[in-house]
Amino acid sequence: MKCKFIIATLGLAMLLGFNSNKSFAQVRADNSNYVPSNDTTISNEEPIRLGEIEISSSRINRKLKEIPASLNVTNALTLQKKSDLSLAYILNYEPGVAMGGDGVWSTYVNVRGLGEQRLVTLVDGDRIETATDLTASLSMIDVNDIDRVEIIKGAQSVLYGTGAMGGIVNVITKDGHFADKPYVSGNVTSAYSTVNHYTSNNISVNTGAKKWYFRLSGSYGNAGNIMTPEGEIPNSQFTTNNIAAKAGFNPFKNQMFKVQFQRNWSTNVGIPGGSAFPGPATAKYKDIGRTLFDGSYEITNISETFTSLKIKYYHQNIRRDVVMYPNTVTYTTMPNGNIQYQHPDSITPNALHVTNGAQLQTTWQFGGNNTLIAGVDFFRRDMVSDREKYVTMQVLKPDSTLVKENKIIRYETPVPTSSFTNGGIFLQDESHLFDNKMTLTVGARADLTVVSNEMNYDVDSVILNGALNPAVEQRIIYQENKTRDISWSANVGMLYKLGATTDLVFNIARSYRAPSLEERFKYIDLGNYVRLGDPNLKPEHGYSADLGLRVWGNKFSLQSSVYANRLTDMITEVQGIFVYNTAADVNTYDTIPALINTNIAKALLYGFDFQAKYNVIENLMFTLTGSYVRGRDTYNKTDLPLIPPLNGSFTVSYTHPKVGNASVTLWAVNKQDKIAEGETPTDGYFRLDFALNTRVFHFWKVCGFQLFAGIDNITNTAYTNHLSTNRGSISVEPGRNFYVRGNFTF
């Protein structure tokens with residue numbers, strides 16, 4: 001009771017501090033999975049444990065070492081050990097995964113050279129369908145609430161449909177559990193990072209019994225501008241909060257019903273710059289958030305052959321409200337010598353994205369050596385967008401005397417009200433052959449994609465000096481339309497045991513990606529030309545192969561792969577002429593130069609990645625990672641954009657059973673000069689990081705405390721991240737960062 005009173009008091013104090021931007025530096029950790037016991041030691045992280053991790057992203061629970069695919073798994077303990085500047089920042093430590101972004105909050109991952117558009121991002125198996133790559137799907141997931149992140153590298157369209165050309169990123173959030181006796185447990189966590197004065201607080205409570213459980217958690221974080229070795233990055237601040245609830249019920253034997261709710265919301269999120277906001281513009285998300293509701297029902301052990309039936313539904317909203325201050329002026333000299341100035345005061349693009357999805361999956365066991373999963377899944381994304389442009393227009397005499405001033409508000413719909421509906425049927429068979437020496441998986445899928453849109457104009461209306469301007473001429477950009485595409489995908493995977501601890505893994509797959517609503521319907525007017533989508537774009541297709549060697553020894557482990565990925569019908573922008581007609585007279589046509597999305601590009605990506613762990617002596621471990629990817633546009637004979645450079649790391653980690661763990665990591669990143677047109681080459685660099693954590697200290701029998709701390713970029717090295725530099729205007733990454741995190745559990 002004494003411990004619970006202390007925890008409750010701390011929790012109340014933190015909740016009161018959620019609305020304060022001037023909280024004291026605090027510490028945070030997350031150990032909500034911790035169950036108090038008399039064990040006061042920290043276990044050594046033996047390499048063999050990597051293969052024993054059970055994952056669910058293959059749609060059937062299997063140990064990592066039993067799956068014939070290239071995978072990375074980042075668990076909750078690893079997330080706690082790192083500074084949580086962003087989830088992508090932590091995943092950047094995994095081989096074959098690279099971070100990019102438009103700031104500290106707005107970040108994303110690149111897997112083997114392919115970015116968000118050609119990856120599927122999931123939360124507990126539910127798609128995060130976002131507006132554009134600027135929406136930063138991973139940034140709308142609270143690191144405090146994550147149990148693990150499973151990344152399958154390589155095509156996964158058979159199981160996850162459109163977009164999974166480069167793999168999937170499945171974020172599994174923390175869950176409650178059943179128990180023979182009623183229980184209540186929880187934790188209070190806090191963290192502080194010096195590089196941007198980021199403070200965060202998290203509270204979670206778990207309760208349950210034999211037939212039910214419930215988990216509730218909430219977080220709040222506030223950060224200022226990021227500091228680099230070359231100074232402060234302005235407009236890189238953010239404020240974020242998260243609430244999540246999960247409940248599970250066992251109504252009958254072998255039956256499980258689960259529901260959950262998540263709401264992640266951020267405000268005043270600075271976007272330091274980027275190609276979407278050219279010139280000396282200032283942009284930020286006024287509001288950007290994600291809400292999710294899902295429910296699932298699963299029946300197991302239906303019969304000896306029919307082992308499970310699972311039905312799931314989810315509803316997800318993503319809201320994006322941006323404000324941009326262009327800070328640019330254009331002027332025109334009139335015939336009478338007067339000068340007309342036009343100054344855009346602000347632009348406010350907004351969008352709401354609603355995704356509804358459903359899944360039905362069955363699992364069949366044919367004897368002891370054959371497992372078949374079969375099912376259907378469906379999702380529909382509806383998008384509504386608007387954009388307001390506030391402009392001041394002045395006419396001045398040559399002596400700067402004001403002749404006239406107009407205040408103009410221009411209302412536009414950047415992407416027409418539209419929907420993207422995708423449904424697929426999939427089968428995947430897993431067989432164990434040759435006395436379980438070989439595991440063979442064979443899968444296939446067929447999908448139907450239906451896209452519809454309303455008629456769209458270049459301008460909806462114009463307000464001139466407070467009154468509607470009836471003289472505005474509308475141009476039709478997109479006619480009302482509906483298109484249908486049928487796609488298929490397939491894969492063959494093999495795992496062969498070369499020995500007791502050594503596996504050979506091979507995969508080949510065909511994947512696809514249906515064009516997004518933005519690629520089909522975007523309309524960006526830049527004055528002298530426009531950027532346009534194409535409603536009739538065809539799906540992209542991918543053909544990939546992956547060969548891996550894995551070792552799961554007691555003292556040594558290795559996961560390594562070489563791969564190749566060929567993409568066809570890739571969507572890219574080409575110079576063209578846009579032909580439009582007016583709403584007043586559909587027979588009147590005009591043209592304007594444009595960059596138009598077209599299925600024309602072909603690409604080849606190939607490379608390798610690996611991770612090796614070695615227990616030199618008891619409690620001392622060496623870890624070596626490396627990854628390389630080469631990307632070529634084989635149609636234009638040029639290098640692909642946004643390809644991460646050759647990189648690797650070396651970590652020395654020591655565990656003292658009665659104290660804790662400490663590690664030092666040296667990062668080495670090669671220069672990147674194999675770049676696409678318009679990109680900037682980046683130099684190589686070295687970076688040194690340090691992390692430590694204590695064991696769990698128990699007190700009052702039922703309470704625990706654990707401390708995490710570390711230093712990112714110990715030498716305060718000034719370096720550039722190739723993906724961030726060439727996507728945005730960030731020329732230098734965060735400098736030296738001290739972080740500390742504490743976790744109280746009961």
# chains A, B, ... in the order shown; residues from 1 in each chain; ligands from 1
$ residues_around --residues "region 164-177 of chain A" --least-positions-apart "6" --cutoff "7 Å" --atoms "only C-alpha atoms" --output "PyMOL selection string"
chain A and resi 57+111+114+118-125+145-157+206+208+213-215+246+511-513+542
$ write_last_selection --atoms "C-alpha atoms" --output "PDB file, in the first residue's frame"
ATOM      1  CA  SER A  57       3.922 -10.140 -38.538  1.00  0.00           C
ATOM      2  CA  VAL A 111      14.245  -0.008 -45.660  1.00  0.00           C
ATOM      3  CA  LEU A 114      12.737   2.157 -50.264  1.00  0.00           C
ATOM      4  CA  ARG A 118       6.759   1.484 -50.813  1.00  0.00           C
ATOM      5  CA  LEU A 119       6.508   0.191 -47.251  1.00  0.00           C
ATOM      6  CA  VAL A 120       3.407  -0.731 -45.264  1.00  0.00           C
ATOM      7  CA  THR A 121       3.316   0.740 -41.762  1.00  0.00           C
ATOM      8  CA  LEU A 122       1.066  -1.008 -39.252  1.00  0.00           C
ATOM      9  CA  VAL A 123       0.006  -0.507 -35.647  1.00  0.00           C
ATOM     10  CA  ASP A 124      -1.030  -3.850 -34.177  1.00  0.00           C
ATOM     11  CA  GLY A 125      -1.645  -5.061 -37.723  1.00  0.00           C
ATOM     12  CA  ASP A 145       3.416   2.467 -25.456  1.00  0.00           C
ATOM     13  CA  ILE A 146       5.437   0.155 -27.730  1.00  0.00           C
ATOM     14  CA  ASP A 147       6.164  -3.451 -26.817  1.00  0.00           C
ATOM     15  CA  ARG A 148       8.221  -4.213 -29.931  1.00  0.00           C
ATOM     16  CA  VAL A 149       8.672  -3.247 -33.575  1.00  0.00           C
ATOM     17  CA  GLU A 150       8.844  -5.990 -36.195  1.00  0.00           C
ATOM     18  CA  ILE A 151      10.386  -5.094 -39.551  1.00  0.00           C
ATOM     19  CA  ILE A 152      10.195  -7.649 -42.352  1.00  0.00           C
ATOM     20  CA  LYS A 153      12.646  -6.626 -45.068  1.00  0.00           C
ATOM     21  CA  GLY A 154      11.632  -7.628 -48.559  1.00  0.00           C
ATOM     22  CA  ALA A 155       8.372  -7.849 -50.488  1.00  0.00           C
ATOM     23  CA  GLN A 156       5.328  -8.818 -48.400  1.00  0.00           C
ATOM     24  CA  SER A 157       2.415  -8.082 -50.730  1.00  0.00           C
ATOM     25  CA  ASN A 206      -2.934  -2.655 -15.727  1.00  0.00           C
ATOM     26  CA  GLY A 208      -7.290  -7.998 -14.753  1.00  0.00           C
ATOM     27  CA  TYR A 213      -7.932  -7.513 -18.406  1.00  0.00           C
ATOM     28  CA  PHE A 214      -7.709  -3.761 -18.946  1.00  0.00           C
ATOM     29  CA  ARG A 215      -4.774  -1.447 -19.652  1.00  0.00           C
ATOM     30  CA  LYS A 246      -6.882  -1.955 -24.294  1.00  0.00           C
ATOM     31  CA  SER A 511       4.828  -7.465 -55.200  1.00  0.00           C
ATOM     32  CA  TYR A 512       2.797  -4.455 -56.265  1.00  0.00           C
ATOM     33  CA  ARG A 513       1.734  -0.967 -55.214  1.00  0.00           C
ATOM     34  CA  GLY A 542       8.348  -5.472 -57.953  1.00  0.00           C
TER      35      GLY A 542
END
$ residues_around --residues "Gln365 (chain A)" --least-positions-apart "2" --cutoff "8 Å" --atoms "only C-alpha atoms" --output "list in words"
Glu304, Thr305, Phe306, Thr307, Thr363, Gly367, Gly368, Asn370, Thr371 and Leu372 of chain A
$ closest_residue --among "A:Thr330, A:Gln474, A:Asn693, A:Thr625" --to "Val669 (chain A)" --atoms "only C-alpha atoms"
A:Thr625
$ residues_around --residues "Phe608 (chain A)" --least-positions-apart "6" --cutoff "7 Å" --atoms "only C-alpha atoms" --output "VMD selection string"
chain A and resid 561 to 563 627 to 629
$ select_by_dssp --residues "region 483-645 of chain A" --states "alpha helix (DSSP H)" --output "PyMOL selection string"
chain A and resi 517-521
$ residues_around --residues "Asn254 (chain A)" --least-positions-apart "3" --cutoff "12 Å" --atoms "only C-alpha atoms" --output "PyMOL selection string"
chain A and resi 211+249-251+257+297-303+307-310
$ write_last_selection --atoms "N, CA and C atoms" --output "compact mmCIF listing (two decimals), in the first residue's frame"
# COMPACT_ATOMS: atom_id res chain seq x y z
N LYS A 211 -10.70 -13.92 -16.50
CA LYS A 211 -11.54 -13.79 -17.69
C LYS A 211 -11.43 -12.44 -18.39
N PHE A 249 -11.17 -10.03 -23.23
CA PHE A 249 -12.17 -10.85 -22.54
C PHE A 249 -12.08 -12.27 -23.06
N ASN A 250 -12.27 -13.23 -22.14
CA ASN A 250 -12.38 -14.64 -22.49
C ASN A 250 -13.81 -15.09 -22.22
N PRO A 251 -14.75 -14.85 -23.14
CA PRO A 251 -16.15 -15.18 -22.84
C PRO A 251 -16.39 -16.68 -22.71
N PHE A 257 -11.80 -12.00 -27.13
CA PHE A 257 -12.32 -10.76 -27.69
C PHE A 257 -11.46 -9.62 -27.18
N TYR A 297 -11.97 -10.73 -32.74
CA TYR A 297 -12.52 -11.91 -32.08
C TYR A 297 -11.83 -13.13 -32.68
N GLU A 298 -11.28 -13.96 -31.81
CA GLU A 298 -10.54 -15.14 -32.28
C GLU A 298 -11.03 -16.39 -31.56
N ILE A 299 -11.22 -17.44 -32.34
CA ILE A 299 -11.57 -18.76 -31.81
C ILE A 299 -10.45 -19.72 -32.18
N THR A 300 -9.93 -20.44 -31.21
CA THR A 300 -8.84 -21.38 -31.45
C THR A 300 -9.28 -22.81 -31.14
N ASN A 301 -8.49 -23.77 -31.66
CA ASN A 301 -8.74 -25.19 -31.43
C ASN A 301 -10.17 -25.58 -31.80
N ILE A 302 -10.63 -25.10 -32.96
CA ILE A 302 -11.98 -25.41 -33.42
C ILE A 302 -12.09 -26.90 -33.71
N SER A 303 -11.08 -27.43 -34.38
CA SER A 303 -10.99 -28.86 -34.62
C SER A 303 -9.52 -29.22 -34.78
N THR A 307 -7.66 -24.84 -36.96
CA THR A 307 -7.08 -24.47 -35.66
C THR A 307 -7.45 -23.08 -35.18
N SER A 308 -7.80 -22.15 -36.09
CA SER A 308 -8.18 -20.82 -35.60
C SER A 308 -8.97 -20.05 -36.65
N LEU A 309 -9.83 -19.17 -36.16
CA LEU A 309 -10.58 -18.23 -36.98
C LEU A 309 -10.51 -16.87 -36.28
N LYS A 310 -10.05 -15.85 -37.03
CA LYS A 310 -9.92 -14.52 -36.44
C LYS A 310 -10.59 -13.49 -37.34
$ residues_around --residues "Asn222 (chain A)" --least-positions-apart "6" --cutoff "9 Å" --atoms "only C-alpha atoms" --output "mmCIF file with C-alpha atoms, in the first residue's frame"
data_model
loop_
_atom_site.group_PDB
_atom_site.id
_atom_site.type_symbol
_atom_site.label_atom_id
_atom_site.label_comp_id
_atom_site.auth_asym_id
_atom_site.auth_seq_id
_atom_site.Cartn_x
_atom_site.Cartn_y
_atom_site.Cartn_z
ATOM 1 C CA SER A 20 2.933 22.976 -18.145
ATOM 2 C CA ASN A 21 5.666 23.799 -20.631
ATOM 3 C CA HIS A 197 14.933 20.227 -23.651
ATOM 4 C CA TYR A 198 12.476 17.445 -24.326
ATOM 5 C CA THR A 199 10.479 16.406 -21.271
ATOM 6 C CA SER A 200 8.029 13.543 -21.368
ATOM 7 C CA GLN A 237 9.746 22.393 -31.686
ATOM 8 C CA PHE A 238 6.717 20.192 -30.933
ATOM 9 C CA THR A 239 4.180 19.259 -28.265
ATOM 10 C CA THR A 240 2.593 15.831 -28.201
ATOM 11 C CA ASN A 241 0.226 13.731 -26.101
#
$ select_by_dssp --residues "region 524-571 of chain A" --states "strand (DSSP E or B)" --output "ChimeraX atom specification"
/A:524-525,530-532,540-552,556-571
$ residues_around --residues "Ala467 (chain A)" --least-positions-apart "2" --cutoff "12 Å" --atoms "only C-alpha atoms" --output "list in words"
Asn406, Lys407, Ile408, Ile409, Arg410, Ser461, Val462, Ile463, Leu464, Asn465, Asn469, Pro470 and Ala471 of chain A
$ residues_around --residues "Trp265 (chain A)" --least-positions-apart "3" --cutoff "12 Å" --atoms "only C-alpha atoms" --output "PDB file with N, CA and C atoms, in the first residue's frame"
ATOM      1  N   SER A 137       4.095   8.957 -40.451  1.00  0.00           N
ATOM      2  CA  SER A 137       3.259   7.989 -39.743  1.00  0.00           C
ATOM      3  C   SER A 137       3.903   7.479 -38.458  1.00  0.00           C
ATOM      4  N   SER A 139       5.794   9.029 -36.493  1.00  0.00           N
ATOM      5  CA  SER A 139       5.816  10.067 -35.469  1.00  0.00           C
ATOM      6  C   SER A 139       4.511  10.130 -34.696  1.00  0.00           C
ATOM      7  N   MET A 140       3.477   9.466 -35.195  1.00  0.00           N
ATOM      8  CA  MET A 140       2.187   9.461 -34.515  1.00  0.00           C
ATOM      9  C   MET A 140       1.983   8.197 -33.691  1.00  0.00           C
ATOM     10  N   ILE A 141       3.080   7.632 -33.199  1.00  0.00           N
ATOM     11  CA  ILE A 141       3.043   6.457 -32.341  1.00  0.00           C
ATOM     12  C   ILE A 141       3.890   6.762 -31.106  1.00  0.00           C
ATOM     13  N   ASP A 142       3.320   6.588 -29.925  1.00  0.00           N
ATOM     14  CA  ASP A 142       4.019   6.908 -28.681  1.00  0.00           C
ATOM     15  C   ASP A 142       5.027   5.810 -28.348  1.00  0.00           C
ATOM     16  N   GLY A 218      -1.236   6.945 -20.622  1.00  0.00           N
ATOM     17  CA  GLY A 218      -1.268   8.297 -21.149  1.00  0.00           C
ATOM     18  C   GLY A 218       0.107   8.925 -21.095  1.00  0.00           C
ATOM     19  N   SER A 219       0.408   9.775 -22.084  1.00  0.00           N
ATOM     20  CA  SER A 219       1.729  10.415 -22.164  1.00  0.00           C
ATOM     21  C   SER A 219       1.573  11.878 -22.560  1.00  0.00           C
ATOM     22  N   TYR A 220       2.574  12.654 -22.174  1.00  0.00           N
ATOM     23  CA  TYR A 220       2.652  14.051 -22.601  1.00  0.00           C
ATOM     24  C   TYR A 220       4.119  14.397 -22.799  1.00  0.00           C
ATOM     25  N   GLY A 221       4.431  15.110 -23.873  1.00  0.00           N
ATOM     26  CA  GLY A 221       5.808  15.521 -24.133  1.00  0.00           C
ATOM     27  C   GLY A 221       5.860  16.903 -24.742  1.00  0.00           C
ATOM     28  N   PHE A 238       7.984  20.927 -30.845  1.00  0.00           N
ATOM     29  CA  PHE A 238       6.717  20.192 -30.933  1.00  0.00           C
ATOM     30  C   PHE A 238       6.170  19.933 -29.535  1.00  0.00           C
ATOM     31  N   THR A 239       4.874  19.688 -29.479  1.00  0.00           N
ATOM     32  CA  THR A 239       4.180  19.259 -28.265  1.00  0.00           C
ATOM     33  C   THR A 239       3.302  18.083 -28.645  1.00  0.00           C
ATOM     34  N   THR A 240       3.317  17.036 -27.832  1.00  0.00           N
ATOM     35  CA  THR A 240       2.593  15.831 -28.201  1.00  0.00           C
ATOM     36  C   THR A 240       1.964  15.178 -26.982  1.00  0.00           C
ATOM     37  N   ASN A 241       0.854  14.491 -27.180  1.00  0.00           N
ATOM     38  CA  ASN A 241       0.226  13.731 -26.101  1.00  0.00           C
ATOM     39  C   ASN A 241      -0.418  12.480 -26.682  1.00  0.00           C
ATOM     40  N   ASN A 242      -0.605  11.487 -25.834  1.00  0.00           N
ATOM     41  CA  ASN A 242      -1.117  10.195 -26.287  1.00  0.00           C
ATOM     42  C   ASN A 242      -1.944   9.565 -25.181  1.00  0.00           C
ATOM     43  N   ILE A 243      -3.032   8.932 -25.568  1.00  0.00           N
ATOM     44  CA  ILE A 243      -3.814   8.119 -24.644  1.00  0.00           C
ATOM     45  C   ILE A 243      -4.165   6.818 -25.338  1.00  0.00           C
ATOM     46  N   ALA A 244      -4.066   5.718 -24.619  1.00  0.00           N
ATOM     47  CA  ALA A 244      -4.342   4.401 -25.201  1.00  0.00           C
ATOM     48  C   ALA A 244      -5.029   3.531 -24.164  1.00  0.00           C
ATOM     49  N   GLN A 262      -6.739   4.261 -29.426  1.00  0.00           N
ATOM     50  CA  GLN A 262      -5.518   5.065 -29.368  1.00  0.00           C
ATOM     51  C   GLN A 262      -5.814   6.465 -29.897  1.00  0.00           C
ATOM     52  N   ASN A 268       1.681  22.470 -32.759  1.00  0.00           N
ATOM     53  CA  ASN A 268       2.823  23.369 -32.911  1.00  0.00           C
ATOM     54  C   ASN A 268       4.082  22.601 -33.318  1.00  0.00           C
ATOM     55  N   VAL A 269       3.931  21.736 -34.317  1.00  0.00           N
ATOM     56  CA  VAL A 269       5.043  20.908 -34.786  1.00  0.00           C
ATOM     57  C   VAL A 269       5.756  21.643 -35.918  1.00  0.00           C
ATOM     58  N   TYR A 285       2.877  22.108 -38.511  1.00  0.00           N
ATOM     59  CA  TYR A 285       1.588  21.488 -38.289  1.00  0.00           C
ATOM     60  C   TYR A 285       0.940  22.189 -37.096  1.00  0.00           C
ATOM     61  N   LYS A 286      -0.163  22.879 -37.330  1.00  0.00           N
ATOM     62  CA  LYS A 286      -0.913  23.406 -36.196  1.00  0.00           C
ATOM     63  C   LYS A 286      -1.452  22.250 -35.364  1.00  0.00           C
ATOM     64  N   ASP A 287      -2.013  21.270 -36.060  1.00  0.00           N
ATOM     65  CA  ASP A 287      -2.505  20.047 -35.434  1.00  0.00           C
ATOM     66  C   ASP A 287      -2.225  18.898 -36.374  1.00  0.00           C
ATOM     67  N   ILE A 288      -1.770  17.809 -35.815  1.00  0.00           N
ATOM     68  CA  ILE A 288      -1.647  16.581 -36.588  1.00  0.00           C
ATOM     69  C   ILE A 288      -1.865  15.429 -35.627  1.00  0.00           C
ATOM     70  N   GLY A 289      -2.795  14.560 -35.972  1.00  0.00           N
ATOM     71  CA  GLY A 289      -3.126  13.516 -35.012  1.00  0.00           C
ATOM     72  C   GLY A 289      -3.725  12.291 -35.648  1.00  0.00           C
ATOM     73  N   ARG A 290      -3.729  11.226 -34.857  1.00  0.00           N
ATOM     74  CA  ARG A 290      -4.237   9.931 -35.300  1.00  0.00           C
ATOM     75  C   ARG A 290      -5.107   9.344 -34.194  1.00  0.00           C
ATOM     76  N   THR A 291      -6.297   8.881 -34.549  1.00  0.00           N
ATOM     77  CA  THR A 291      -7.141   8.142 -33.622  1.00  0.00           C
ATOM     78  C   THR A 291      -7.440   6.776 -34.228  1.00  0.00           C
ATOM     79  N   LEU A 292      -7.446   5.753 -33.387  1.00  0.00           N
ATOM     80  CA  LEU A 292      -7.632   4.386 -33.856  1.00  0.00           C
ATOM     81  C   LEU A 292      -8.565   3.642 -32.910  1.00  0.00           C
ATOM     82  N   ASN A 317      -8.602   7.562 -38.068  1.00  0.00           N
ATOM     83  CA  ASN A 317      -8.643   8.915 -38.620  1.00  0.00           C
ATOM     84  C   ASN A 317      -7.280   9.556 -38.475  1.00  0.00           C
ATOM     85  N   ILE A 318      -6.856  10.256 -39.513  1.00  0.00           N
ATOM     86  CA  ILE A 318      -5.636  11.052 -39.435  1.00  0.00           C
ATOM     87  C   ILE A 318      -5.979  12.467 -39.894  1.00  0.00           C
ATOM     88  N   ARG A 319      -5.691  13.417 -39.032  1.00  0.00           N
ATOM     89  CA  ARG A 319      -5.974  14.819 -39.311  1.00  0.00           C
ATOM     90  C   ARG A 319      -4.663  15.567 -39.469  1.00  0.00           C
ATOM     91  N   ARG A 320      -4.584  16.407 -40.511  1.00  0.00           N
ATOM     92  CA  ARG A 320      -3.362  17.160 -40.774  1.00  0.00           C
ATOM     93  C   ARG A 320      -3.735  18.598 -41.116  1.00  0.00           C
ATOM     94  N   ASP A 321      -3.389  19.519 -40.227  1.00  0.00           N
ATOM     95  CA  ASP A 321      -3.647  20.942 -40.426  1.00  0.00           C
ATOM     96  C   ASP A 321      -2.314  21.683 -40.437  1.00  0.00           C
TER      97      ASP A 321
END
